[in-house]
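One file, structure_18.cif, carrying mmCIF, C-alpha atoms:
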data_entry
#
loop_
_atom_site.label_atom_id
_atom_site.label_comp_id
_atom_site.auth_asym_id
_atom_site.auth_seq_id
_atom_site.Cartn_x
_atom_site.Cartn_y
_atom_site.Cartn_z
CA MET A 25 72.69 141.04 126.66
CA THR A 26 69.39 140.27 128.33
CA GLN A 27 66.09 139.56 126.67
CA GLU A 28 64.74 143.01 127.69
CA GLU A 29 67.63 144.82 126.00
CA LEU A 30 67.21 142.75 122.86
CA ASP A 31 63.48 143.57 122.78
CA ALA A 32 64.28 147.25 123.17
CA LEU A 33 66.72 147.02 120.30
CA MET A 34 64.13 145.37 118.06
CA ASN A 35 61.52 148.01 118.97
CA GLY A 36 63.94 150.84 118.14
CA SER A 37 64.00 152.39 121.64
CA LEU A 38 67.63 151.46 122.17
CA ASP A 39 70.27 152.51 119.65
CA SER A 40 73.58 150.87 118.87
CA GLU A 41 75.67 153.38 120.86
CA ASP A 42 73.75 152.66 124.05
CA ILE A 43 74.28 148.98 123.48
CA LEU A 44 78.00 149.29 123.00
CA GLU A 45 78.34 151.46 126.15
CA SER A 46 76.11 149.37 128.36
CA GLU A 47 77.73 147.52 131.24
CA ALA A 48 75.64 144.45 130.57
CA PHE A 49 77.02 144.21 127.05
CA VAL A 50 80.61 144.44 128.31
CA GLU A 51 80.01 141.74 130.90
CA ALA A 52 78.31 139.56 128.31
CA GLY A 53 81.26 139.98 125.97
CA THR A 54 83.72 139.08 128.73
CA GLN A 55 81.76 135.99 129.69
CA ASN A 56 81.45 134.99 126.06
CA ASN A 57 85.21 135.26 125.57
CA GLU A 58 85.82 133.12 128.64
CA ILE A 59 83.37 130.52 127.37
CA GLN A 60 85.00 130.55 123.94
CA GLU A 61 88.43 130.04 125.52
CA GLU A 62 87.08 127.11 127.54
CA LYS A 63 85.61 125.62 124.35
CA ILE A 64 88.94 126.01 122.55
CA GLU A 65 90.72 124.24 125.40
CA ASP A 66 88.14 121.44 125.26
CA VAL A 67 88.68 121.04 121.52
CA LYS A 68 92.44 120.88 121.98
CA VAL A 69 92.06 118.11 124.54
CA ALA A 70 89.74 116.18 122.25
CA ASP A 71 91.93 116.63 119.17
CA TYR A 72 95.14 115.18 120.52
CA ARG A 73 96.51 113.20 123.41
CA PRO A 74 98.60 115.26 125.84
CA ASN A 75 100.65 112.16 126.55
CA PRO A 76 101.08 109.64 123.69
CA ASN A 77 101.76 106.89 126.25
CA LEU A 78 98.22 107.15 127.64
CA ALA A 79 95.70 104.59 126.44
CA TRP A 80 92.89 107.17 126.43
CA PRO A 81 91.94 109.28 124.61
CA PRO A 82 92.73 107.24 121.50
CA PRO A 83 94.87 108.63 118.68
CA PRO A 84 93.20 110.67 115.94
CA PRO A 85 91.65 108.70 113.06
CA SER A 86 94.56 109.20 110.69
CA GLN A 87 95.50 106.80 107.91
CA GLU A 88 97.81 104.91 110.29
CA HIS A 89 95.15 104.47 112.99
CA LYS A 90 92.14 103.41 110.92
CA VAL A 91 91.23 99.93 112.14
CA VAL A 92 89.82 98.47 108.93
CA HIS A 93 92.80 99.75 106.93
CA GLN A 94 95.18 98.04 109.33
CA LEU A 95 93.22 94.78 109.25
CA ASP A 96 93.17 94.87 105.45
CA ASP A 97 96.94 95.32 105.45
CA VAL A 98 97.32 92.43 107.91
CA THR A 99 95.23 90.05 105.81
CA LYS A 100 96.98 91.11 102.60
CA ASP A 101 100.46 90.63 104.06
CA SER A 102 99.44 87.40 105.76
CA GLU A 103 98.10 85.93 102.53
CA GLN A 104 101.20 87.01 100.59
CA LYS A 105 103.64 85.61 103.15
CA ALA A 106 101.63 82.41 103.53
CA THR A 107 101.74 81.88 99.76
CA GLU A 108 105.49 82.45 99.73
CA MET A 109 105.96 80.04 102.64
CA MET A 110 103.90 77.34 100.94
CA GLU A 111 106.01 77.70 97.80
CA LYS A 112 109.23 77.37 99.83
CA LEU A 113 107.93 74.30 101.62
CA GLU A 114 106.90 72.74 98.33
CA ASN A 115 110.38 73.36 96.92
CA ILE A 116 111.96 71.74 99.99
CA SER A 117 109.67 68.74 99.58
CA ASN A 118 110.72 68.43 95.94
CA PHE A 119 114.39 68.56 96.93
CA PHE A 120 113.79 65.76 99.41
CA ALA A 121 111.98 63.68 96.78
CA ASP A 122 114.75 64.21 94.21
CA SER A 123 117.42 63.33 96.77
CA GLU A 124 115.56 60.18 97.74
CA SER A 125 115.35 59.18 94.08
CA LEU A 126 119.11 59.71 93.65
CA MET A 127 119.82 57.69 96.80
CA ALA A 128 117.66 54.90 95.43
CA ASP A 129 119.90 54.72 92.36
CA ILE A 130 122.99 54.63 94.58
CA ASP A 131 121.34 51.93 96.66
CA LYS A 132 120.88 49.75 93.57
CA ASN A 133 124.56 50.08 92.70
CA LEU A 134 125.53 49.14 96.23
CA ASP A 135 123.31 46.05 96.05
CA LYS A 136 125.06 45.05 92.82
CA ASN A 137 128.50 45.55 94.41
CA ILE A 138 127.53 43.52 97.46
CA GLU A 139 126.31 40.70 95.23
CA ILE A 140 129.57 40.66 93.24
CA PHE A 141 131.93 40.83 96.22
CA THR A 142 129.94 38.18 98.05
CA ARG A 143 130.55 35.73 95.19
CA LEU A 144 134.21 36.68 94.95
CA ASN A 145 134.66 36.30 98.68
CA GLU A 146 133.06 32.85 98.57
CA LYS A 147 135.31 31.69 95.71
CA PHE A 148 138.46 33.34 97.02
CA PRO A 149 138.13 33.41 100.81
CA ASN A 150 141.84 33.99 101.22
CA VAL A 151 141.80 37.24 99.26
CA GLU A 152 141.50 39.88 101.95
CA SER A 153 140.66 42.75 99.57
CA PHE A 154 137.43 41.02 98.51
CA SER A 155 136.38 40.67 102.11
CA GLU A 156 137.19 44.32 102.87
CA ALA A 157 135.30 45.53 99.79
CA LEU A 158 132.28 43.47 100.80
CA GLU A 159 132.24 45.01 104.30
CA PHE A 160 132.74 48.50 102.89
CA ASN A 161 129.74 48.16 100.55
CA LYS A 162 127.58 46.73 103.32
CA LYS A 163 128.35 49.79 105.51
CA ALA A 164 127.65 52.09 102.57
CA LYS A 165 124.33 50.29 102.06
CA GLN A 166 123.42 50.90 105.70
CA THR A 167 124.39 54.57 105.45
CA SER A 168 122.30 54.89 102.29
CA ASN A 169 119.29 53.45 104.07
CA ASN A 170 119.76 55.91 106.95
CA ILE A 171 119.93 58.85 104.51
CA ILE A 172 116.72 57.71 102.80
CA ASP A 173 115.00 57.46 106.21
CA HIS A 174 116.07 61.03 107.05
CA LEU A 175 114.84 62.29 103.69
CA GLN A 176 111.48 60.63 104.22
CA GLY A 177 111.32 62.12 107.71
CA GLY A 178 112.06 65.55 106.24
CA GLN A 179 109.20 65.13 103.78
CA ASP A 180 106.87 64.23 106.64
CA GLU A 181 107.92 67.37 108.53
CA VAL A 182 107.28 69.49 105.44
CA MET A 183 103.80 68.04 105.11
CA MET A 184 103.06 68.84 108.76
CA ALA A 185 104.34 72.39 108.22
CA MET A 186 101.98 72.74 105.23
CA ASP A 187 99.11 71.55 107.38
CA ALA A 188 100.04 74.16 110.00
CA MET A 189 100.02 76.85 107.30
CA GLN A 190 96.40 75.92 106.58
CA TYR A 191 95.53 77.20 110.07
CA GLN A 192 97.19 80.49 109.14
CA ASP A 193 94.80 80.75 106.21
CA ILE A 194 91.88 80.01 108.52
CA HIS A 195 92.97 82.85 110.83
CA ARG A 196 93.14 85.18 107.82
CA GLN A 197 89.59 84.21 106.88
CA LYS A 198 88.44 84.92 110.44
CA ILE A 199 89.97 88.40 110.29
CA GLU A 200 88.27 89.00 106.94
CA ARG A 201 84.96 87.96 108.48
CA VAL A 202 85.50 90.46 111.31
CA ILE A 203 86.23 93.16 108.71
CA ASN A 204 83.03 92.33 106.85
CA VAL A 205 80.98 92.52 110.07
CA MET A 206 82.56 95.86 111.01
CA ARG A 207 81.88 97.28 107.55
CA ALA A 208 78.30 96.03 107.67
CA LEU A 209 77.78 97.67 111.06
CA SER A 210 79.33 100.89 109.77
CA ARG A 211 76.98 100.95 106.79
CA TYR A 212 74.03 100.15 109.05
CA MET A 213 74.87 102.98 111.46
CA SER A 214 75.33 105.41 108.57
CA SER A 215 71.98 104.36 107.15
CA LEU A 216 70.35 104.61 110.58
CA PHE A 217 71.42 108.24 111.07
CA GLU A 218 70.69 109.32 107.52
CA GLY A 219 68.32 112.23 106.97
CA LYS A 220 66.14 113.35 104.09
CA ILE A 221 67.54 116.90 104.23
CA ASP A 222 71.08 117.66 103.19
CA ASP A 223 73.21 119.03 106.03
CA LYS A 224 74.03 122.16 104.03
CA LYS A 225 70.33 122.97 103.70
CA ARG A 226 69.52 122.57 107.39
CA VAL A 227 68.49 125.51 109.57
CA GLY A 228 71.22 126.67 111.99
CA SER A 229 70.94 125.48 115.57
CA ALA A 230 69.55 127.85 118.17
CA VAL A 231 72.13 129.75 120.23
CA HIS A 232 70.03 129.71 123.39
CA ILE A 233 67.42 127.19 124.48
CA GLU A 234 65.27 127.45 127.56
CA GLY A 235 66.98 125.60 130.39
CA ASP A 236 70.57 126.28 129.29
CA SER A 237 73.01 127.22 132.05
CA THR A 238 74.19 130.35 130.26
CA ALA A 239 72.26 133.61 130.54
CA GLU A 240 73.34 134.86 127.12
CA VAL A 241 70.76 134.95 124.41
CA VAL A 242 73.05 135.77 121.47
CA SER A 243 76.79 136.02 120.90
CA ASN A 244 78.77 139.16 120.01
CA ASP A 245 78.92 138.14 116.36
CA ASP A 246 75.15 137.72 116.26
CA ILE A 247 74.64 141.17 117.83
CA GLU A 248 76.98 142.87 115.38
CA ALA A 249 75.27 141.16 112.46
CA LEU A 250 71.88 142.24 113.79
CA ILE A 251 73.02 145.87 114.22
CA ALA A 252 74.47 145.90 110.71
CA SER A 253 71.25 144.59 109.25
CA LEU A 254 69.21 147.23 111.12
CA GLY A 255 71.54 149.97 109.87
CA GLN A 256 70.97 148.87 106.29
CA LYS A 257 67.21 149.09 106.75
#
As structure tokens, the full file:
Amino acid sequence: MTQEELDALMNGSLDSEDILESEAFVEAGTQNNEIQEEKIEDVKVADYRPNPNLAWPPPPPSQEHKVVHQLDDVTKDSEQKATEMMEKLENISNFFADSESLMADIDKNLDKNIEIFTRLNEKFPNVESFSEALEFNKKAKQTSNNIIDHLQGGQDEVMMAMDAMQYQDIHRQKIERVINVMRALSRYMSSLFEGKIDDKKRVGSAVHIEGDSTAEVVSNDDIEALIASLGQK
């Protein structure tokens, strides 16, 4: 409908039957339907990705795709697993320490045996069993020392693993700092675009503004509402 026809309708010189039978109205309705169909297609494209393998457009902002939610889950899981790992490493270190203490007791007994068989071997050099027992205890002493060295090396490795886990905690703190910055920016943007008037109380946007590409002034729904209001008057 053109501006002239709308003015005639407002002035009462054009009734509703003439409007419904006019060719201009039919063409306007057809064009409006085509535009509405194009808008619907645009909305469909914006609402979902035709191919989920494409990187763009991004997925809809569902619970699974919200960035801050995912980062919160990552930091929570990372902290939980890091705590569990530190506890396991501490338990391993305690096992090494206990084993080293037990080996120290065995080492003392071996030293006592070596001392005894050394004296017996000196007094009875012809007794072969004393000599064999002395050599056996000396080898056991050497094996005990090697085991203690391995246990101490294991404790050192556990300490280095604990130090490496500290870097994991630093990475978690960095992610939390990124989350805080993102949330601060989100609050800032929300505050920046805030208005004094509630959106529900705002005046509806104009259908046609000078300079628009479309020649329509009002839509079919607006025309029907206008005709109904005039009929009630």
For the file shown, report as a PyMOL selection string the outcome of the PyMOL selection byres ((chain A and resi 153-164) around 7) at residue level. chain A and resi 134+137-138+141-142+144-145+151-152+165-168
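Note that the spacing between atom CA of Arg143 of chain A and atom CA of Ala128 of chain A amounts to 23.1 Å.
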Applying the PyMOL selection byres ((chain A and resi 184-186) around 10) to the file I just gave you, which residues come out? Please list them as a ChimeraX atom specification. /A:106,109-111,113-114,178-183,187-192
Quick one: write out the picked residues with C-alpha atoms as a compact mmCIF listing (two decimals), in the frame of the given file?
# COMPACT_ATOMS: atom_id res chain seq x y z
CA ALA A 106 101.63 82.41 103.53
CA MET A 109 105.96 80.04 102.64
CA MET A 110 103.90 77.34 100.94
CA GLU A 111 106.01 77.70 97.80
CA LEU A 113 107.93 74.30 101.62
CA GLU A 114 106.90 72.74 98.33
CA GLY A 178 112.06 65.55 106.24
CA GLN A 179 109.20 65.13 103.78
CA ASP A 180 106.87 64.23 106.64
CA GLU A 181 107.92 67.37 108.53
CA VAL A 182 107.28 69.49 105.44
CA MET A 183 103.80 68.04 105.11
CA ASP A 187 99.11 71.55 107.38
CA ALA A 188 100.04 74.16 110.00
CA MET A 189 100.02 76.85 107.30
CA GLN A 190 96.40 75.92 106.58
CA TYR A 191 95.53 77.20 110.07
CA GLN A 192 97.19 80.49 109.14
Between atom CA of Met213 of chain A and atom CA of Val92 of chain A, measure the distance and give it in Å to one decimal. 15.8 Å
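Distance-wise, atom CA of Asp97 of chain A and atom CA of Asp193 of chain A end up 14.7 Å apart.
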